[in-house]
Amino acid sequence: MNMKKYLTTLIAVAVLSTFVPVYTFASVSPMVELTFSENTRVYGITAQEALGKRTGTLEEFARAMENDDIISYVVFPGNYFNAYESGREVFGGIYSQGRIVHNDFMSWGAGFDGENRFRLFSLVSTLSNERGGRITVREDSREVEIVTAFNCYPWLMKDGERYPFAPGPGISASFLNSRAQRAFMGQKSDGTFVYGMLGNATIQQLQDVVAGLGLVNAVNTDGGASAGIYRDGRYLARPGRELASVVFIAEETAPEPEIQPLVVNPTPSTVFVNNAATEFEAYLIEGNNFFKLRDLAFVLNGTEKQFEVGWDEIIGAIELTSGQPYTHNGSEMKKGDGTAKQAVLNDQINISKDGVPATILAYLIEGYNFIRLRDLMQLFDVYVGFDETTNNITIDTSRSY
């Protein structure tokens with residue numbers, strides 16, 4: 001054996017292994033994994049628009065976006081920008097929640113649809129599909145709307161496959177092969193979104209790592225001195241320079257459901273209280289009759305089922321006290337005008353009987369609470385009946401519910 005040649009080979013292998021690190025999952029640091037919900041929103045922000053200047057820190061971007069609707073957030077760089085010229089111009093386009101923020105669209109599109117699914121597509125080809133500020137892509141013969149998009153490149157994984165990349169416009173061989181601080185964003189098949197940073201790596205090595213992480217779609221984002229993460233008020237990694245644009249992902253509070261009013265008609269029935277025909281302002285809502293609480297207290301006053309209506313400041317509830325005479329306030333038994341009204345379900349009403357919470361369905365009609373007749377009659381054990389032949393409602397305090 002040629003010992004000199006053997007030792008030379010060992011030294012060469014040792015030197016080579018020193019400069020060709022093996023990257024694993026643990027090499028990605030820092031990294032954030034996010035589980036999106038229907039209340040997750042992804043925004044693209046430029047410093048020019050949000051801060052009124054060419055660049056800003058991740059913390060400044062976060063402060064510009066913070067509001068009472070945001071529960072948590074993460075901010076990191078997306079598009080490249082010209083960090084070495086005074087203009088600090090953003091490279092490529094940014095489309096945020098249906099609005100063009102920076103109009104310089106190139107290919108290598110990466111973005112999110114309305115279900116927060118991360119997609120890769122050509123932004124150049126989608127420009128012809130814009131309709132009223134919308135960007136759409138075709139999928140299985142249907143249009144899918146993109147709500148937020150960026151120009152990040154190169155793609156690393158697309159639809160579960162490694163995406164082939166080669167030198168081209170904006171992507172030099174030196175860029176692909178040199179080692180630097182790299183960053184990426186992508187999504188797993190289960191919807192988990194990942195942003196991470198990898199030090200001293202080539203684009204090929206970055207692709208190896210994101211494939212090992214199980215990302216089905218992933219793209220390289222602005223790295224080098226730009227790479228960094230700011231999450232919920234603290235830095236996980238501080239960039240070495242200010243940025244011209246960022247990706248801002250926020251978990252927001254669920255919007256209050258919009259309550260649609262119902263159009264309701266006056267009750268067509270004649271109401272008899274202890275055999276006496278009594279005229280109420282009452283409404284028929286989804287097959288049930290609704291009356292004013294104080295009107296019912298008024299007509300039952302002096303009977304064995306009378307009750308008082310008061311207000312409990314401690315528990316914040318309407319307090320009904322059985323057996324007590326009702327105290328008039330002058331609002332009782334006013335006639336309606338006989339026309340249809342708008343009714344809104346009042347799920348905030350609190351009613352208790354003798355200190356015990358009661359379940360009574362109520363609707364707000366022109367500022368008054370109308371409660372379901374049968375709920376109150378059952379609560380005070382009063383008979384209520386309906387005659388389909390005569391269309392009469394009977395209330396009888398001498399009989400049980």
# chains A, B, ... in the order shown; residues from 1 in each chain; ligands from 1
>>> residues_around(residues="Tyr84 in chain A", least_positions_apart="4", cutoff="12 Å", atoms="only C-alpha atoms", output="PDB file with C-alpha atoms, in the first residue's frame")
ATOM      1  CA  TYR A  80     -36.421  39.947  -1.726  1.00  0.00           C
ATOM      2  CA  ARG A  88     -34.720  49.630  -1.124  1.00  0.00           C
ATOM      3  CA  GLU A  89     -37.125  48.521  -3.859  1.00  0.00           C
ATOM      4  CA  VAL A  90     -39.121  45.319  -3.281  1.00  0.00           C
ATOM      5  CA  ALA A 225     -29.115  39.259   6.818  1.00  0.00           C
ATOM      6  CA  ARG A 241     -30.990  44.709   8.669  1.00  0.00           C
ATOM      7  CA  GLU A 242     -34.321  46.468   8.274  1.00  0.00           C
ATOM      8  CA  LEU A 243     -36.762  45.082   5.712  1.00  0.00           C
ATOM      9  CA  ALA A 244     -38.796  46.566   2.888  1.00  0.00           C
TER      10      ALA A 244
END
>>> residues_around(residues="Met197 in chain A", least_positions_apart="5", cutoff="9 Å", atoms="only C-alpha atoms", output="list of chain:residue names")
A:Ser27, A:Val28, A:Ser29, A:Pro30, A:Met31, A:Gln181, A:Arg182, A:Ala183, A:Phe184, A:Gly223, A:Ala227, A:Gly228
>>> write_last_selection(atoms="N, CA and C atoms", output="PDB file, in the first residue's frame")
ATOM      1  N   SER A  27     -31.270  20.959  12.289  1.00  0.00           N
ATOM      2  CA  SER A  27     -30.471  22.072  11.780  1.00  0.00           C
ATOM      3  C   SER A  27     -31.315  23.312  11.538  1.00  0.00           C
ATOM      4  N   VAL A  28     -32.630  23.142  11.416  1.00  0.00           N
ATOM      5  CA  VAL A  28     -33.520  24.266  11.138  1.00  0.00           C
ATOM      6  C   VAL A  28     -33.808  24.990  12.445  1.00  0.00           C
ATOM      7  N   SER A  29     -33.233  26.178  12.581  1.00  0.00           N
ATOM      8  CA  SER A  29     -33.413  26.916  13.831  1.00  0.00           C
ATOM      9  C   SER A  29     -33.163  28.393  13.581  1.00  0.00           C
ATOM     10  N   PRO A  30     -34.105  29.220  14.038  1.00  0.00           N
ATOM     11  CA  PRO A  30     -35.376  28.832  14.657  1.00  0.00           C
ATOM     12  C   PRO A  30     -36.400  28.401  13.609  1.00  0.00           C
ATOM     13  N   MET A  31     -37.479  27.841  14.083  1.00  0.00           N
ATOM     14  CA  MET A  31     -38.549  27.390  13.199  1.00  0.00           C
ATOM     15  C   MET A  31     -39.879  27.559  13.917  1.00  0.00           C
ATOM     16  N   GLN A 181     -27.110  32.073   4.920  1.00  0.00           N
ATOM     17  CA  GLN A 181     -28.288  31.908   5.778  1.00  0.00           C
ATOM     18  C   GLN A 181     -29.509  31.817   4.868  1.00  0.00           C
ATOM     19  N   ARG A 182     -30.228  30.685   4.914  1.00  0.00           N
ATOM     20  CA  ARG A 182     -31.396  30.480   4.072  1.00  0.00           C
ATOM     21  C   ARG A 182     -32.664  30.494   4.924  1.00  0.00           C
ATOM     22  N   ALA A 183     -33.781  30.779   4.274  1.00  0.00           N
ATOM     23  CA  ALA A 183     -35.073  30.754   4.957  1.00  0.00           C
ATOM     24  C   ALA A 183     -36.125  30.229   3.993  1.00  0.00           C
ATOM     25  N   PHE A 184     -37.187  29.669   4.531  1.00  0.00           N
ATOM     26  CA  PHE A 184     -38.227  29.067   3.679  1.00  0.00           C
ATOM     27  C   PHE A 184     -39.573  29.169   4.374  1.00  0.00           C
ATOM     28  N   GLY A 223     -33.385  35.532   2.636  1.00  0.00           N
ATOM     29  CA  GLY A 223     -32.542  35.034   3.723  1.00  0.00           C
ATOM     30  C   GLY A 223     -31.391  35.984   3.997  1.00  0.00           C
ATOM     31  N   ALA A 227     -33.103  37.330   7.151  1.00  0.00           N
ATOM     32  CA  ALA A 227     -33.828  36.259   7.827  1.00  0.00           C
ATOM     33  C   ALA A 227     -34.063  36.584   9.299  1.00  0.00           C
ATOM     34  N   GLY A 228     -35.273  36.337   9.758  1.00  0.00           N
ATOM     35  CA  GLY A 228     -35.595  36.586  11.152  1.00  0.00           C
ATOM     36  C   GLY A 228     -37.052  36.293  11.436  1.00  0.00           C
TER      37      GLY A 228
END
>>> select_by_dssp(residues="range 131-256 of chain A", states="strand (DSSP E)", output="MDAnalysis selection string")
chainID A and resid 135:139 142:151 155:158 161:162 180:188 193:201 215:221 229:231 234:237 245:252
>>> residues_around(residues="range 327-342 of chain A", least_positions_apart="4", cutoff="10 Å", atoms="only C-alpha atoms", output="PyMOL selection string")
chain A and resi 260-268+278-283+292-299+301+307-310+363-366
>>> write_last_selection(atoms="N, CA and C atoms", output="short mmCIF file (atom, residue, chain, number, x, y, z; two decimals), in the first residue's frame")
data_model
loop_
_atom_site.label_atom_id
_atom_site.label_comp_id
_atom_site.auth_asym_id
_atom_site.auth_seq_id
_atom_site.Cartn_x
_atom_site.Cartn_y
_atom_site.Cartn_z
N GLN A 260 -79.70 38.15 11.59
CA GLN A 260 -80.65 38.66 10.63
C GLN A 260 -82.03 38.78 11.27
N PRO A 261 -82.66 39.93 11.19
CA PRO A 261 -84.00 40.07 11.77
C PRO A 261 -85.03 39.28 10.97
N LEU A 262 -86.05 38.83 11.69
CA LEU A 262 -87.19 38.16 11.06
C LEU A 262 -88.31 39.17 10.87
N VAL A 263 -89.05 39.02 9.80
CA VAL A 263 -90.26 39.81 9.61
C VAL A 263 -91.41 39.00 10.18
N VAL A 264 -92.07 39.54 11.21
CA VAL A 264 -93.10 38.78 11.92
C VAL A 264 -94.43 39.54 11.86
N ASN A 265 -95.50 38.78 11.90
CA ASN A 265 -96.85 39.35 11.82
C ASN A 265 -97.56 39.26 13.17
N PRO A 266 -98.52 40.15 13.41
CA PRO A 266 -99.29 40.08 14.65
C PRO A 266 -100.01 38.75 14.77
N THR A 267 -100.15 38.28 16.01
CA THR A 267 -100.87 37.04 16.27
C THR A 267 -102.32 37.17 15.77
N PRO A 268 -102.77 36.23 14.92
CA PRO A 268 -104.14 36.33 14.39
C PRO A 268 -105.19 35.79 15.34
N THR A 278 -109.19 39.24 25.67
CA THR A 278 -108.22 40.27 26.06
C THR A 278 -107.36 40.62 24.84
N GLU A 279 -107.22 41.90 24.58
CA GLU A 279 -106.45 42.33 23.41
C GLU A 279 -105.00 42.63 23.80
N PHE A 280 -104.08 41.92 23.16
CA PHE A 280 -102.64 42.10 23.41
C PHE A 280 -101.96 42.57 22.13
N GLU A 281 -100.79 43.19 22.30
CA GLU A 281 -99.86 43.28 21.16
C GLU A 281 -99.00 42.02 21.22
N ALA A 282 -99.22 41.12 20.32
CA ALA A 282 -98.52 39.84 20.32
C ALA A 282 -98.18 39.46 18.87
N TYR A 283 -97.13 38.63 18.71
CA TYR A 283 -96.67 38.28 17.37
C TYR A 283 -96.47 36.78 17.26
N LYS A 292 -95.53 40.53 25.43
CA LYS A 292 -94.71 41.32 26.35
C LYS A 292 -94.84 40.74 27.76
N LEU A 293 -93.69 40.64 28.44
CA LEU A 293 -93.66 40.08 29.79
C LEU A 293 -94.58 40.87 30.73
N ARG A 294 -94.51 42.18 30.69
CA ARG A 294 -95.30 42.99 31.63
C ARG A 294 -96.80 42.93 31.31
N ASP A 295 -97.16 42.71 30.06
CA ASP A 295 -98.58 42.54 29.73
C ASP A 295 -99.14 41.28 30.40
N LEU A 296 -98.36 40.21 30.38
CA LEU A 296 -98.81 38.95 30.99
C LEU A 296 -98.86 39.11 32.51
N ALA A 297 -97.87 39.79 33.08
CA ALA A 297 -97.90 40.02 34.53
C ALA A 297 -99.12 40.86 34.90
N PHE A 298 -99.48 41.81 34.05
CA PHE A 298 -100.62 42.69 34.31
C PHE A 298 -101.93 41.91 34.35
N VAL A 299 -102.14 41.01 33.35
CA VAL A 299 -103.43 40.30 33.28
C VAL A 299 -103.52 39.18 34.31
N ASN A 301 -102.31 39.53 37.34
CA ASN A 301 -102.29 40.16 38.65
C ASN A 301 -103.64 39.95 39.36
N PHE A 307 -97.52 37.39 39.74
CA PHE A 307 -96.07 37.48 40.02
C PHE A 307 -95.62 38.92 39.82
N GLU A 308 -94.57 39.25 40.52
CA GLU A 308 -93.97 40.58 40.43
C GLU A 308 -92.80 40.54 39.44
N VAL A 309 -92.57 41.65 38.75
CA VAL A 309 -91.44 41.79 37.81
C VAL A 309 -90.49 42.83 38.37
N GLY A 310 -89.25 42.44 38.61
CA GLY A 310 -88.25 43.36 39.14
C GLY A 310 -86.91 43.15 38.45
N TYR A 363 -87.59 37.63 21.87
CA TYR A 363 -87.23 38.41 20.69
C TYR A 363 -87.41 39.89 21.01
N LEU A 364 -86.52 40.70 20.44
CA LEU A 364 -86.64 42.15 20.55
C LEU A 364 -87.43 42.68 19.36
N ILE A 365 -88.50 43.39 19.66
CA ILE A 365 -89.32 44.01 18.62
C ILE A 365 -89.54 45.47 19.01
N GLU A 366 -88.97 46.35 18.21
CA GLU A 366 -89.06 47.79 18.44
C GLU A 366 -88.70 48.16 19.89
#
>>> select_by_dssp(residues="range 249-315 of chain A", states="helix (DSSP H, G or I)", output="PyMOL selection string")
chain A and resi 293-300
>>> write_last_selection(atoms="N, CA and C atoms", output="PDB file, in the first residue's frame")
ATOM      1  N   LEU A 293     -93.692  40.644  28.442  1.00  0.00           N
ATOM      2  CA  LEU A 293     -93.664  40.082  29.788  1.00  0.00           C
ATOM      3  C   LEU A 293     -94.577  40.869  30.735  1.00  0.00           C
ATOM      4  N   ARG A 294     -94.513  42.183  30.693  1.00  0.00           N
ATOM      5  CA  ARG A 294     -95.301  42.992  31.627  1.00  0.00           C
ATOM      6  C   ARG A 294     -96.801  42.934  31.314  1.00  0.00           C
ATOM      7  N   ASP A 295     -97.161  42.709  30.056  1.00  0.00           N
ATOM      8  CA  ASP A 295     -98.585  42.540  29.729  1.00  0.00           C
ATOM      9  C   ASP A 295     -99.140  41.285  30.396  1.00  0.00           C
ATOM     10  N   LEU A 296     -98.364  40.208  30.376  1.00  0.00           N
ATOM     11  CA  LEU A 296     -98.813  38.954  30.994  1.00  0.00           C
ATOM     12  C   LEU A 296     -98.862  39.106  32.514  1.00  0.00           C
ATOM     13  N   ALA A 297     -97.869  39.786  33.082  1.00  0.00           N
ATOM     14  CA  ALA A 297     -97.899  40.023  34.530  1.00  0.00           C
ATOM     15  C   ALA A 297     -99.121  40.861  34.905  1.00  0.00           C
ATOM     16  N   PHE A 298     -99.477  41.810  34.055  1.00  0.00           N
ATOM     17  CA  PHE A 298    -100.616  42.691  34.308  1.00  0.00           C
ATOM     18  C   PHE A 298    -101.933  41.907  34.349  1.00  0.00           C
ATOM     19  N   VAL A 299    -102.141  41.009  33.346  1.00  0.00           N
ATOM     20  CA  VAL A 299    -103.429  40.302  33.276  1.00  0.00           C
ATOM     21  C   VAL A 299    -103.525  39.178  34.309  1.00  0.00           C
ATOM     22  N   LEU A 300    -102.388  38.681  34.790  1.00  0.00           N
ATOM     23  CA  LEU A 300    -102.433  37.634  35.820  1.00  0.00           C
ATOM     24  C   LEU A 300    -102.464  38.228  37.228  1.00  0.00           C
TER      25      LEU A 300
END
>>> residues_around(residues="range 135-145 of chain A", least_positions_apart="5", cutoff="12 Å", atoms="only C-alpha atoms", output="ChimeraX atom specification")
/A:94-100,105,109-130,150
>>> residues_around(residues="Gly212 in chain A", least_positions_apart="3", cutoff="12 Å", atoms="only C-alpha atoms", output="ChimeraX atom specification")
/A:23-28,156-157,160-162,188,205-209,215-216,218
>>> closest_residue(among="A:Ala83, A:Val75, A:Val219, A:Val32", to="Arg54 in chain A", atoms="only C-alpha atoms")
A:Ala83
>>> closest_residue(among="A:Thr35, A:Ser86, A:Thr55, A:Gln306", to="Ser189 in chain A", atoms="only C-alpha atoms")
A:Thr35
>>> closest_residue(among="A:Ala166, A:Val271, A:Ile395, A:Ile349", to="Lys305 in chain A", atoms="only C-alpha atoms")
A:Ile395
>>> residues_around(residues="range 232-237 of chain A", least_positions_apart="2", cutoff="8 Å", atoms="only C-alpha atoms", output="PyMOL selection string")
chain A and resi 30+59+62+72-74+227-230+239
>>> closest_residue(among="A:Phe61, A:Phe272, A:Phe81, A:Tyr368", to="Glu49 in chain A", atoms="only C-alpha atoms")
A:Phe61
>>> closest_residue(among="A:Ser269, A:Trp155, A:Pro325, A:Asn177", to="Asn217 in chain A", atoms="only C-alpha atoms")
A:Trp155
>>> closest_residue(among="A:Leu176, A:Ala250, A:Ala211, A:Leu379", to="Tyr43 in chain A", atoms="only C-alpha atoms")
A:Ala250
>>> residues_around(residues="Asp312 in chain A", least_positions_apart="6", cutoff="10 Å", atoms="only C-alpha atoms", output="list in words")
Ile318, Glu319, Leu320, Ile351, Ser352 and Gly355 of chain A
>>> write_last_selection(atoms="C-alpha atoms", output="mmCIF file, in the first residue's frame")
data_model
loop_
_atom_site.group_PDB
_atom_site.id
_atom_site.type_symbol
_atom_site.label_atom_id
_atom_site.label_comp_id
_atom_site.auth_asym_id
_atom_site.auth_seq_id
_atom_site.Cartn_x
_atom_site.Cartn_y
_atom_site.Cartn_z
ATOM 1 C CA ILE A 318 -85.084 40.215 35.342
ATOM 2 C CA GLU A 319 -86.401 38.774 38.600
ATOM 3 C CA LEU A 320 -89.899 37.223 38.688
ATOM 4 C CA ILE A 351 -84.620 35.897 33.607
ATOM 5 C CA SER A 352 -84.881 34.194 36.981
ATOM 6 C CA GLY A 355 -83.838 33.368 42.405
#
